[in-house]
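Everything below concerns the one structure shown next.
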Amino acid sequence: MGERRQSWVDGFGYELKTLQDLMESRGTEAIQQLNAEFGGLQELAHGLKTNLTDGLSGDEADLRSRRELYGSNMIPAKEPKSFLELVWEALHDFTLIVLVVAAVISLILGLVVEKDKSTSWIDGFAILMAVVVVVLVTAFNDYSKELQFQSLQKQIKQNHTFAVIRNGQIIRINVTDLVVGDVISFSYGDAMPADGILIQGNDVRVDESSMTGENDYIRKGPTRDVVMLSSTQVMEGSGKMLVCAVGVNSQAGIIFTLINKGGRVEKENGRDKETPGSDSLSMSGENDLTKRRASAAAAKEQETMSQEKSVLQNKLTKLAVQIGYGGTIAAVLSTIVLLLRFCIETYVIEGKGWESHHASEILDSFIVGVTVLVVAIPEGLPLAVTIALAYSVKKMMTDHNLVRHLHACETMGNATAICSDKTGTLTTNRMTVVQSYLGKTNYGHDIKQHMLGGHLLRVLCDGIAVNSGYSSRIMIPDNPDELPKQAGNKTECALLQFCDSLGEEHEQIREKHTEDTFTKVFTFNAIRKSMTTVIPHGNGYRVFTKGASEVVLGKCSYIIGAEDQLYPLPKQEQRHIVGTVIETMASQGLRTLCLAYKDVPHDAIESDDNWDDEHWVTSDLTCVGIVGIEDPVRDEVPEAISKVQNAGVTVRMVTGDNINTAQAIATKCGILTSNDDKDFAVMSGKEFNKRVRGRDGVVNQDLMDAVWPGLRVLARSSPEDKHTLVTGIIKSEQNKHREVVAVTGDGTNDGPALKVADVGFAMGIAGTDVAKEASDIVLTDDNFASIVKAVMWGRNVYDSIAKFIQFQLTVNVVAVTLVFISACTIKELPLTPIQMLWVNLIMDSLASLALATEPPTEDLLTRKPYGRTKPLISRTMFRNIAMHSIFQLTVVFVLVFAGADLFDIDTAIGRDDEHEEPTQHFTIVFNTFVLMQIFNEINSRKVHGERNVFKGIPNNPFFMVIFVATLALQILIVEYGSYAFSTHPLEPEQWLWCVFFGMSSLVWGQIVTTVPKHPMPQLGKTDKDDEGNQVDSGIRDARILWMRGLWRLQAQIRVVHAFRSAIESQHTPKGSLRKPSDLMYPSHLHLKLRDAEAMEEGIQESSADVTASKSASVSNESCQSNEPLVQPRVQSEKVVSQRVNSLATETAL
């Protein structure tokens, strides 16, 4: 044994640095260091004053002393930027810098060069003040966004709990309450909350890619690797861990602190403050591991940030670039026209020479150009998006949607498809065993202990209690009138409750068989679809297995009878059980599980490596029985599914359950209707892969396009199947606007599908930490109805942005056109730079706040989704923008060129001295222009052609306040703006005319609504294949129909040959040759109904008629016998033959 590193500090045996050094080791090196320097795991626990079995006592004084010495389990978030920092960043905007420079030059020229110095400085000063206002508003909104993000992260952390053992009891506490010395219980799908040493593990595999960059899962065990790191994810297995480092002192904490603080690490307990170059932190050459972990974490963070762009953000980026190009062209042309006009008039027509005040004229031309650019560039778009998202995210929390990524909120509004789990999402996840097949006898709710043999009862209850996660348990309810509480996996809870109802307490059984006595555990995952636990028993071992009924039943060689006798279980008997027990339960919507066991003599185990051979461990089992578990459909789900279907969203169920169970539940929910073609609407995972993969085993997009549109239920599917389906739908170009897919998931292996989906929903109650980490939104109630709320809020965000764009583009077009034409025709500009900046403020900050805070309504669910590629500016919006722009330009130009005569006032056109007092003429033009925008803001509240533009205004107090405030500010600017805003007070009659022109926008809006929108252009209307070639939709539809016809024919032929080979095999002597017709279908000889799954997929999916015929033919009596079912198969073969002939004729036609 090496040098012991125990040194008592504050009553504990180890310093913080000593534990950190241990956490930096890996593999056998860590085991050697643990034994040599700490004396083993027991000595380490002794030094930390904890118990490996019962954990800490939970005494507050003890917990407080541990936090003071070892730190608390919190990693301080990156400090948000201060308001002044955001102000400084806003000042870096190029257009604002140009404005500031121009304003400063204008101010200097006005104070030094201009003759009338009393007023010439006002323009430059006013522009500077406008820039200050814009900068402050931008910084304030960015600061609000930072606070919103911090609040969101805080909510996510507050909802993260973990199972910990204290006082011998497993309880769940917030991860921030964990301390060094705690014993935590982890299982499949958990994200580790701290660093520690593995105490006991069952088939544990961990994904450490977030820390090391290694993609392979790392196996953990007492002889392999005992170090568990925070932020890593448990992909398989379960176990216990002793916490040795938390918070900023964990390996993840050190890395995140370095990333957040730029290299300086400050230990939370204040004992060490070290830089990366210090020896104690070991970021020098002697600790390359931490460097690699930091690089891996930084790379993962960068990858996450690069994937944050959503559907709407992509559309906004494209639109903003297009508007920016147009604004730049208009700004440059305006500047060139003003400069040419000035130079021609001054130096050519008037023949003057250069004078010092000409510099001010030239500068004014540049200021006008830059101002046009400021007005044209839609910098208000990001602000509108931020406000809409922040408002929606806050409100969505009350609808049980915890939004982890802001972009997911608006993306959900574009969703065209939802791939949903069944358990817990569509159903209540309150599971109960309602039917059972035990001792070769069917039982219902009325099963009692005395009905079962002693041996059968013992292996049944022992198998249920032991072969389940020990975090799953049944607890006494707070109210005696309530049902018992189910904690942990709900399926296992149903089994545990069934065990208790038979008079065998599962907790007492577990006390006899603690987890540390287990010999081997194969935990459940979506690939093996079963769980197996091996425990010592007598002079040998006992193996318990439970899982998908067809899978486990296929591994059984015996079955327990009514009097505890053992009967052989040949494949033929297995098929009987599948047809009369499993399928009967599944057709009633029950989840079926098979329970089995076997005894292994001690001398049959040559070495411990035998237990790693899962096939050997789980073969030749004895079937204990089959249970049917009821999980009722949530009352609100059928209505919720009906709503999203009416909204144009297709709902698909993707589940690992039996195909009959899935079909029954889908029918109850309304996902599957009588109009759906069952041959394509319902598939198993195996059949799905056959149809979408080519001969090379690679997914073919053309084959996928023929399958997914009609698919509604995918049963017995793996997470890979879900990933394949989601990816195929997203890549498909069959829909001209492309599909936007949302996915729900709760398991660890759902992570890839959740990540590839446009919006990933994780279950807040039943979901694993891995699923939550991969998701965009967490459903805190695991309810599908909450997804409907997310759709509604997402569409509301999308519409809010569309409203703002409709309003802003109208102002852009009118303002830029007015300035450009005025520059070409008259010397003076009707709108001064400071006035345009005020208009810009109305467009951006105030309008975005008013239009982006509209509450959602049920009307949002009455229209179809936009899809991925549909243009952001629809035909209706284009019509509204164009027609309102024409109307406003007409009114403004009439006022510019004829307003002086209409109102009998002095004209502002052709004045010799530009520094004269502002005129009423251009003040009326400015006032009318602004009032038309303010009233057009009401029109912009509707983007789908609705006539009642006032509907819902009382529900939006922001809009009313901003509308009134904008009006009040406009009155103040007109009446008291004077030189600063180039305004002159108006007479009451002039005000009435201005208001009349402004309100006429509302009347014009009603006229615009009657104009047909179909002649209007629609941007981005293309229909291309993967190579960018134009595709004729008629040809594509015909190709898909042809492929579907071929598949039907192939499926029916496969069933015929499956029946034929099964029948003939009973009469063909071993070793004899088969008929040539059999050899023509070698791929189908495999389908000889050798197992239950072949029967289920070959018959149930391919031919509903065959299923009906077989079910009608098989009685309960025949199930108990071993006579072959020849007659029903012959009848079924005739039925199938008739259908094949019919389909062949139909396909040929």
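Following the order of the structure tokens, chains are lettered A, B, ..., residues in each are numbered from 1, and ligands are numbered from 1.
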**OP:** Find the spatial neighbours of Arg542 in chain A, counting only C-alpha atoms, within a cut-off of 10 Å - ignore same-chain residues fewer than 3 positions away - and output them as a list in words.
**Re:**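 Selected residues are Val459, Gly463, Thr519, Thr533, Val534, Ile535, Pro536, His537, Gly538, Asn539, Tyr597, Lys598, Asp599, Val600 and Pro601 of chain A.
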Subject >> Near-range 575-586 of chain A list (7 Å; only C-alpha atoms; drop same-chain fewer than 2 positions) as number ranges by chain >> reply: A: 571-573, 588-592, 628, 658, 660-661, 1091-1092, 1119
Using only C-alpha atoms, please write the residues we just selected to a file, as a PDB file, in the first residue's frame.
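This went into selection15.pdb:
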```pdb
ATOM      1  CA  LYS A 571     -42.871 -22.868 -30.760  1.00  0.00           C
ATOM      2  CA  GLN A 572     -46.310 -24.079 -31.696  1.00  0.00           C
ATOM      3  CA  GLU A 573     -47.579 -23.522 -28.143  1.00  0.00           C
ATOM      4  CA  GLN A 588     -58.046  -4.125 -25.769  1.00  0.00           C
ATOM      5  CA  GLY A 589     -55.292  -1.520 -25.554  1.00  0.00           C
ATOM      6  CA  LEU A 590     -53.326  -3.298 -22.808  1.00  0.00           C
ATOM      7  CA  ARG A 591     -49.551  -3.316 -22.582  1.00  0.00           C
ATOM      8  CA  THR A 592     -48.396  -6.935 -22.322  1.00  0.00           C
ATOM      9  CA  GLY A 628     -51.877  -7.050 -19.281  1.00  0.00           C
ATOM     10  CA  ASN A 658     -47.327  -4.316 -29.316  1.00  0.00           C
ATOM     11  CA  ASN A 660     -52.389  -4.280 -31.510  1.00  0.00           C
ATOM     12  CA  THR A 661     -52.035  -2.255 -28.306  1.00  0.00           C
ATOM     13  CA  ASP A1091     -41.737 -17.189 -33.353  1.00  0.00           C
ATOM     14  CA  ALA A1092     -44.542 -14.997 -32.176  1.00  0.00           C
ATOM     15  CA  CYS A1119     -55.010 -22.944 -26.807  1.00  0.00           C
TER      16      CYS A1119
END
```
**OP:** Apply DSSP to the structure's backbone, then extract all residues of range 512-633 of chain A labelled alpha helix (DSSP H) and return them as a ChimeraX atom specification.
**Re:** /A:512,549-553,571-577,583-587,614-617
Selected residues, N, CA, C and O atoms, written as a PDB file, in the first residue's frame, please.
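Written output follows (result39.pdb):
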```pdb
ATOM      1  N   LYS A 512     -34.601  -8.723   1.654  1.00  0.00           N
ATOM      2  CA  LYS A 512     -33.870  -9.991   1.620  1.00  0.00           C
ATOM      3  C   LYS A 512     -32.830 -10.000   0.494  1.00  0.00           C
ATOM      4  O   LYS A 512     -31.835 -10.715   0.572  1.00  0.00           O
ATOM      5  N   SER A 549     -43.611  -9.031 -24.411  1.00  0.00           N
ATOM      6  CA  SER A 549     -44.146 -10.387 -24.294  1.00  0.00           C
ATOM      7  C   SER A 549     -43.636 -11.318 -25.388  1.00  0.00           C
ATOM      8  O   SER A 549     -43.241 -12.457 -25.107  1.00  0.00           O
ATOM      9  N   GLU A 550     -43.613 -10.864 -26.655  1.00  0.00           N
ATOM     10  CA  GLU A 550     -43.159 -11.745 -27.722  1.00  0.00           C
ATOM     11  C   GLU A 550     -41.666 -12.049 -27.592  1.00  0.00           C
ATOM     12  O   GLU A 550     -41.226 -13.164 -27.878  1.00  0.00           O
ATOM     13  N   VAL A 551     -40.899 -11.049 -27.164  1.00  0.00           N
ATOM     14  CA  VAL A 551     -39.454 -11.228 -27.063  1.00  0.00           C
ATOM     15  C   VAL A 551     -39.107 -12.249 -25.981  1.00  0.00           C
ATOM     16  O   VAL A 551     -38.354 -13.202 -26.205  1.00  0.00           O
ATOM     17  N   VAL A 552     -39.647 -12.054 -24.791  1.00  0.00           N
ATOM     18  CA  VAL A 552     -39.322 -12.946 -23.666  1.00  0.00           C
ATOM     19  C   VAL A 552     -39.934 -14.326 -23.871  1.00  0.00           C
ATOM     20  O   VAL A 552     -39.300 -15.351 -23.588  1.00  0.00           O
ATOM     21  N   LEU A 553     -41.163 -14.376 -24.381  1.00  0.00           N
ATOM     22  CA  LEU A 553     -41.803 -15.665 -24.609  1.00  0.00           C
ATOM     23  C   LEU A 553     -40.995 -16.499 -25.600  1.00  0.00           C
ATOM     24  O   LEU A 553     -40.894 -17.731 -25.467  1.00  0.00           O
ATOM     25  N   LYS A 571     -42.505 -24.055 -30.000  1.00  0.00           N
ATOM     26  CA  LYS A 571     -42.871 -22.868 -30.760  1.00  0.00           C
ATOM     27  C   LYS A 571     -44.350 -22.848 -31.122  1.00  0.00           C
ATOM     28  O   LYS A 571     -44.974 -21.791 -31.169  1.00  0.00           O
ATOM     29  N   GLN A 572     -44.893 -24.016 -31.355  1.00  0.00           N
ATOM     30  CA  GLN A 572     -46.310 -24.079 -31.696  1.00  0.00           C
ATOM     31  C   GLN A 572     -47.177 -23.583 -30.541  1.00  0.00           C
ATOM     32  O   GLN A 572     -48.133 -22.832 -30.734  1.00  0.00           O
ATOM     33  N   GLU A 573     -46.841 -23.993 -29.310  1.00  0.00           N
ATOM     34  CA  GLU A 573     -47.579 -23.522 -28.143  1.00  0.00           C
ATOM     35  C   GLU A 573     -47.367 -22.027 -27.933  1.00  0.00           C
ATOM     36  O   GLU A 573     -48.285 -21.314 -27.516  1.00  0.00           O
ATOM     37  N   GLN A 574     -46.167 -21.557 -28.234  1.00  0.00           N
ATOM     38  CA  GLN A 574     -45.916 -20.124 -28.134  1.00  0.00           C
ATOM     39  C   GLN A 574     -46.839 -19.342 -29.062  1.00  0.00           C
ATOM     40  O   GLN A 574     -47.369 -18.284 -28.691  1.00  0.00           O
ATOM     41  N   ARG A 575     -47.041 -19.873 -30.270  1.00  0.00           N
ATOM     42  CA  ARG A 575     -47.936 -19.197 -31.209  1.00  0.00           C
ATOM     43  C   ARG A 575     -49.369 -19.191 -30.694  1.00  0.00           C
ATOM     44  O   ARG A 575     -50.115 -18.228 -30.902  1.00  0.00           O
ATOM     45  N   HIS A 576     -49.788 -20.275 -30.039  1.00  0.00           N
ATOM     46  CA  HIS A 576     -51.123 -20.310 -29.432  1.00  0.00           C
ATOM     47  C   HIS A 576     -51.264 -19.187 -28.408  1.00  0.00           C
ATOM     48  O   HIS A 576     -52.280 -18.488 -28.356  1.00  0.00           O
ATOM     49  N   ILE A 577     -50.250 -19.047 -27.568  1.00  0.00           N
ATOM     50  CA  ILE A 577     -50.306 -18.018 -26.514  1.00  0.00           C
ATOM     51  C   ILE A 577     -50.326 -16.630 -27.128  1.00  0.00           C
ATOM     52  O   ILE A 577     -51.055 -15.740 -26.673  1.00  0.00           O
ATOM     53  N   GLU A 583     -52.405 -11.258 -28.120  1.00  0.00           N
ATOM     54  CA  GLU A 583     -53.149 -10.436 -29.067  1.00  0.00           C
ATOM     55  C   GLU A 583     -54.506 -10.027 -28.514  1.00  0.00           C
ATOM     56  O   GLU A 583     -54.995  -8.931 -28.796  1.00  0.00           O
ATOM     57  N   THR A 584     -55.113 -10.874 -27.729  1.00  0.00           N
ATOM     58  CA  THR A 584     -56.401 -10.517 -27.125  1.00  0.00           C
ATOM     59  C   THR A 584     -56.240  -9.355 -26.159  1.00  0.00           C
ATOM     60  O   THR A 584     -57.027  -8.404 -26.158  1.00  0.00           O
ATOM     61  N   MET A 585     -55.221  -9.428 -25.313  1.00  0.00           N
ATOM     62  CA  MET A 585     -54.960  -8.312 -24.399  1.00  0.00           C
ATOM     63  C   MET A 585     -54.606  -7.041 -25.169  1.00  0.00           C
ATOM     64  O   MET A 585     -55.099  -5.950 -24.867  1.00  0.00           O
ATOM     65  N   ALA A 586     -53.749  -7.175 -26.169  1.00  0.00           N
ATOM     66  CA  ALA A 586     -53.292  -6.007 -26.919  1.00  0.00           C
ATOM     67  C   ALA A 586     -54.428  -5.341 -27.670  1.00  0.00           C
ATOM     68  O   ALA A 586     -54.483  -4.109 -27.782  1.00  0.00           O
ATOM     69  N   SER A 587     -55.367  -6.136 -28.200  1.00  0.00           N
ATOM     70  CA  SER A 587     -56.490  -5.558 -28.940  1.00  0.00           C
ATOM     71  C   SER A 587     -57.390  -4.723 -28.039  1.00  0.00           C
ATOM     72  O   SER A 587     -58.168  -3.898 -28.514  1.00  0.00           O
ATOM     73  N   GLU A 614     -25.072 -12.501 -22.540  1.00  0.00           N
ATOM     74  CA  GLU A 614     -26.506 -12.259 -22.310  1.00  0.00           C
ATOM     75  C   GLU A 614     -27.370 -13.319 -22.973  1.00  0.00           C
ATOM     76  O   GLU A 614     -28.400 -13.723 -22.425  1.00  0.00           O
ATOM     77  N   HIS A 615     -26.967 -13.769 -24.156  1.00  0.00           N
ATOM     78  CA  HIS A 615     -27.764 -14.782 -24.852  1.00  0.00           C
ATOM     79  C   HIS A 615     -27.851 -16.064 -24.021  1.00  0.00           C
ATOM     80  O   HIS A 615     -28.923 -16.665 -23.897  1.00  0.00           O
ATOM     81  N   TRP A 616     -26.734 -16.482 -23.442  1.00  0.00           N
ATOM     82  CA  TRP A 616     -26.734 -17.695 -22.615  1.00  0.00           C
ATOM     83  C   TRP A 616     -27.546 -17.492 -21.347  1.00  0.00           C
ATOM     84  O   TRP A 616     -28.311 -18.378 -20.933  1.00  0.00           O
ATOM     85  N   VAL A 617     -27.415 -16.336 -20.730  1.00  0.00           N
ATOM     86  CA  VAL A 617     -28.120 -16.071 -19.469  1.00  0.00           C
ATOM     87  C   VAL A 617     -29.623 -16.088 -19.674  1.00  0.00           C
ATOM     88  O   VAL A 617     -30.381 -16.586 -18.822  1.00  0.00           O
TER      89      VAL A 617
END
```
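Closest approach to Ser885 in chain A among A:Asn840, A:Thr780, A:Ser786, A:Thr817 is made by A:Thr817 (distances from only C-alpha atoms).
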Original post:
What lies within 7 Å of range 634-642 of chain A using only C-alpha atoms, ignoring chain neighbours under 5 positions off, as a VMD selection string?
Top reply: chain A and resid 426 to 428 669 to 670 784 to 785 788
Store the residues of this selection in a file with all heavy atoms, as a PDB file, in the first residue's frame.
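For reference, part-v2.pdb as written:
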```pdb
ATOM      1  N   LEU A 426     -49.983  10.389 -24.241  1.00  0.00           N
ATOM      2  CA  LEU A 426     -51.373  10.202 -24.663  1.00  0.00           C
ATOM      3  C   LEU A 426     -52.186   9.506 -23.580  1.00  0.00           C
ATOM      4  O   LEU A 426     -53.408   9.618 -23.550  1.00  0.00           O
ATOM      5  CB  LEU A 426     -51.423   9.382 -25.956  1.00  0.00           C
ATOM      6  CG  LEU A 426     -50.643   9.967 -27.142  1.00  0.00           C
ATOM      7  CD1 LEU A 426     -50.691   8.999 -28.325  1.00  0.00           C
ATOM      8  CD2 LEU A 426     -51.199  11.315 -27.543  1.00  0.00           C
ATOM      9  N   THR A 427     -51.492   8.795 -22.710  1.00  0.00           N
ATOM     10  CA  THR A 427     -52.171   8.072 -21.635  1.00  0.00           C
ATOM     11  C   THR A 427     -51.836   8.696 -20.291  1.00  0.00           C
ATOM     12  O   THR A 427     -50.968   9.563 -20.188  1.00  0.00           O
ATOM     13  CB  THR A 427     -51.753   6.587 -21.636  1.00  0.00           C
ATOM     14  OG1 THR A 427     -50.326   6.502 -21.478  1.00  0.00           O
ATOM     15  CG2 THR A 427     -52.127   5.929 -22.958  1.00  0.00           C
ATOM     16  N   THR A 428     -52.507   8.240 -19.243  1.00  0.00           N
ATOM     17  CA  THR A 428     -52.368   8.877 -17.927  1.00  0.00           C
ATOM     18  C   THR A 428     -51.067   8.512 -17.231  1.00  0.00           C
ATOM     19  O   THR A 428     -50.664   9.181 -16.281  1.00  0.00           O
ATOM     20  CB  THR A 428     -53.543   8.454 -17.020  1.00  0.00           C
ATOM     21  OG1 THR A 428     -53.523   7.030 -16.862  1.00  0.00           O
ATOM     22  CG2 THR A 428     -54.871   8.880 -17.624  1.00  0.00           C
ATOM     23  N   CYS A 669     -57.631   7.562 -29.290  1.00  0.00           N
ATOM     24  CA  CYS A 669     -57.166   8.955 -29.273  1.00  0.00           C
ATOM     25  C   CYS A 669     -57.647   9.745 -30.480  1.00  0.00           C
ATOM     26  O   CYS A 669     -57.680  10.985 -30.432  1.00  0.00           O
ATOM     27  CB  CYS A 669     -55.636   8.998 -29.240  1.00  0.00           C
ATOM     28  SG  CYS A 669     -54.904   8.360 -27.734  1.00  0.00           S
ATOM     29  N   GLY A 670     -57.992   9.054 -31.554  1.00  0.00           N
ATOM     30  CA  GLY A 670     -58.387   9.756 -32.772  1.00  0.00           C
ATOM     31  C   GLY A 670     -57.246   9.897 -33.761  1.00  0.00           C
ATOM     32  O   GLY A 670     -57.408  10.533 -34.806  1.00  0.00           O
ATOM     33  N   PHE A 784     -50.161  15.533 -23.635  1.00  0.00           N
ATOM     34  CA  PHE A 784     -50.215  15.960 -25.030  1.00  0.00           C
ATOM     35  C   PHE A 784     -50.982  17.265 -25.180  1.00  0.00           C
ATOM     36  O   PHE A 784     -50.687  18.056 -26.090  1.00  0.00           O
ATOM     37  CB  PHE A 784     -50.875  14.868 -25.882  1.00  0.00           C
ATOM     38  CG  PHE A 784     -50.849  15.159 -27.357  1.00  0.00           C
ATOM     39  CD1 PHE A 784     -49.767  14.764 -28.126  1.00  0.00           C
ATOM     40  CD2 PHE A 784     -51.895  15.829 -27.973  1.00  0.00           C
ATOM     41  CE1 PHE A 784     -49.728  15.035 -29.481  1.00  0.00           C
ATOM     42  CE2 PHE A 784     -51.868  16.103 -29.321  1.00  0.00           C
ATOM     43  CZ  PHE A 784     -50.785  15.706 -30.085  1.00  0.00           C
ATOM     44  N   ALA A 785     -51.960  17.496 -24.325  1.00  0.00           N
ATOM     45  CA  ALA A 785     -52.725  18.739 -24.414  1.00  0.00           C
ATOM     46  C   ALA A 785     -51.824  19.960 -24.268  1.00  0.00           C
ATOM     47  O   ALA A 785     -52.110  21.034 -24.818  1.00  0.00           O
ATOM     48  CB  ALA A 785     -53.825  18.758 -23.355  1.00  0.00           C
ATOM     49  N   VAL A 788     -50.492  21.096 -27.576  1.00  0.00           N
ATOM     50  CA  VAL A 788     -51.432  21.939 -28.317  1.00  0.00           C
ATOM     51  C   VAL A 788     -51.252  23.398 -27.920  1.00  0.00           C
ATOM     52  O   VAL A 788     -51.281  24.301 -28.767  1.00  0.00           O
ATOM     53  CB  VAL A 788     -52.883  21.469 -28.067  1.00  0.00           C
ATOM     54  CG1 VAL A 788     -53.866  22.328 -28.844  1.00  0.00           C
ATOM     55  CG2 VAL A 788     -53.046  20.011 -28.451  1.00  0.00           C
TER      56      VAL A 788
END
```
Subject >> Near-Met877 in chain A list (8 Å; only C-alpha atoms; drop same-chain fewer than 3 positions) as a count of residues only >> reply: 7
Original post:
Using only C-alpha atoms, which residues sit within 8 Å of Arg868 in chain A once same-chain residues fewer than 5 positions away are excluded, as a list in words?
Top reply: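 Residues near the query, excluding close chain neighbours: Val311, Asn414, His737, Arg738, Glu739 and Val740 of chain A.
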Selection file, N, CA and C atoms, as a PDB file, in the first residue's frame:
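Below you can see selection_14.pdb, which holds the result:
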```
ATOM      1  N   VAL A 311     -36.580  27.901 -37.867  1.00  0.00           N
ATOM      2  CA  VAL A 311     -37.224  28.112 -39.156  1.00  0.00           C
ATOM      3  C   VAL A 311     -37.497  29.592 -39.372  1.00  0.00           C
ATOM      4  N   ASN A 414     -44.814  26.501 -36.649  1.00  0.00           N
ATOM      5  CA  ASN A 414     -44.726  26.034 -38.025  1.00  0.00           C
ATOM      6  C   ASN A 414     -44.849  24.528 -38.136  1.00  0.00           C
ATOM      7  N   HIS A 737     -43.796  23.007 -49.209  1.00  0.00           N
ATOM      8  CA  HIS A 737     -43.323  23.916 -48.168  1.00  0.00           C
ATOM      9  C   HIS A 737     -42.485  23.199 -47.120  1.00  0.00           C
ATOM     10  N   ARG A 738     -42.191  21.919 -47.342  1.00  0.00           N
ATOM     11  CA  ARG A 738     -41.364  21.120 -46.448  1.00  0.00           C
ATOM     12  C   ARG A 738     -42.029  20.946 -45.081  1.00  0.00           C
ATOM     13  N   GLU A 739     -41.700  19.849 -44.438  1.00  0.00           N
ATOM     14  CA  GLU A 739     -42.305  19.504 -43.157  1.00  0.00           C
ATOM     15  C   GLU A 739     -41.469  20.047 -41.992  1.00  0.00           C
ATOM     16  N   VAL A 740     -42.151  20.465 -40.952  1.00  0.00           N
ATOM     17  CA  VAL A 740     -41.522  20.869 -39.694  1.00  0.00           C
ATOM     18  C   VAL A 740     -42.020  19.887 -38.638  1.00  0.00           C
TER      19      VAL A 740
END
```
Original post:
How many Å lie between CA of Thr161 in chain A and CA of Asp177 in chain A, rounded to one decimal?
Top reply: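 The value is 9.2 Å.
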Original post:
Which neighbours of range 520-523 of chain A fall inside 12 Å, counting only C-alpha atoms, when residues of the same chain fewer than 5 positions from it are skipped, and could you give them as a ChimeraX atom specification?
Top reply: /A:187-189,200-205,221,234-239,466-469,515,528-536,541-547,608-615,617-618
Original post:
Restricting the calculation to only C-alpha atoms, which member of A:Lys755, A:Leu198, A:Val135, A:Val894 is positioned closest to Gly40 in chain A?
Top reply: A:Leu198
Original post:
So which bits of range 436-559 of chain A end up strand (DSSP E or B) when you DSSP the backbone, as a PyMOL selection string?
Top reply: chain A and resi 436-438+441-443+473-475+485-487+520-522+530-537+540-548+556-559
Atoms to include: C-alpha atoms. Write the selected residues as a tab-separated table (two decimals), in the first residue's frame.
```tsv
chain	number	residue	atom	x	y	z
A	436	SER	CA	-52.99	-11.91	-16.26
A	437	TYR	CA	-52.19	-15.31	-17.72
A	438	LEU	CA	-50.70	-17.39	-14.89
A	441	THR	CA	-55.11	-19.79	-16.86
A	442	ASN	CA	-56.58	-16.35	-17.64
A	443	TYR	CA	-57.41	-14.06	-14.70
A	473	ARG	CA	-41.77	1.78	-5.34
A	474	ILE	CA	-45.31	2.12	-4.05
A	475	MET	CA	-45.88	4.67	-1.29
A	485	LYS	CA	-48.48	6.84	-4.92
A	486	GLN	CA	-46.35	5.45	-7.72
A	487	ALA	CA	-42.72	6.58	-7.65
A	520	LYS	CA	-25.53	-9.54	-12.73
A	521	VAL	CA	-28.05	-7.06	-14.12
A	522	PHE	CA	-28.95	-6.45	-17.75
A	530	SER	CA	-36.21	-6.64	-21.55
A	531	MET	CA	-34.55	-6.53	-18.14
A	532	THR	CA	-32.73	-9.39	-16.45
A	533	THR	CA	-31.43	-9.72	-12.88
A	534	VAL	CA	-29.32	-12.60	-11.53
A	535	ILE	CA	-29.25	-13.26	-7.77
A	536	PRO	CA	-27.68	-16.00	-5.63
A	537	HIS	CA	-30.19	-18.75	-4.85
A	540	GLY	CA	-26.64	-21.67	-7.45
A	541	TYR	CA	-28.28	-18.67	-9.02
A	542	ARG	CA	-31.74	-17.59	-10.10
A	543	VAL	CA	-32.32	-15.51	-13.23
A	544	PHE	CA	-35.37	-13.24	-13.48
A	545	THR	CA	-36.40	-11.71	-16.80
A	546	LYS	CA	-39.27	-9.46	-17.80
A	547	GLY	CA	-39.97	-7.54	-20.99
A	548	ALA	CA	-41.88	-7.37	-24.25
A	556	CYS	CA	-38.80	-19.64	-22.99
A	557	SER	CA	-38.56	-23.44	-23.22
A	558	TYR	CA	-40.98	-24.24	-20.37
A	559	ILE	CA	-44.08	-22.83	-18.73
```
**OP:** For each of A:His405, A:His92, A:Arg219, A:Lys318, take the minimum atom-to-atom distance to Val778 in chain A, counting only C-alpha atoms, then give the residue where this is smallest.
**Re:** A:His405
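Taking only C-alpha atoms into account, Pro193 in chain A lies nearest to A:His160 out of the set A:Arg716, A:Lys668, A:His160, A:Arg224.
Across A:Gln920, A:Ile777, A:Val1011, A:Ser718, the tightest approach to Arg875 in chain A is made by A:Val1011 when counting only C-alpha atoms.
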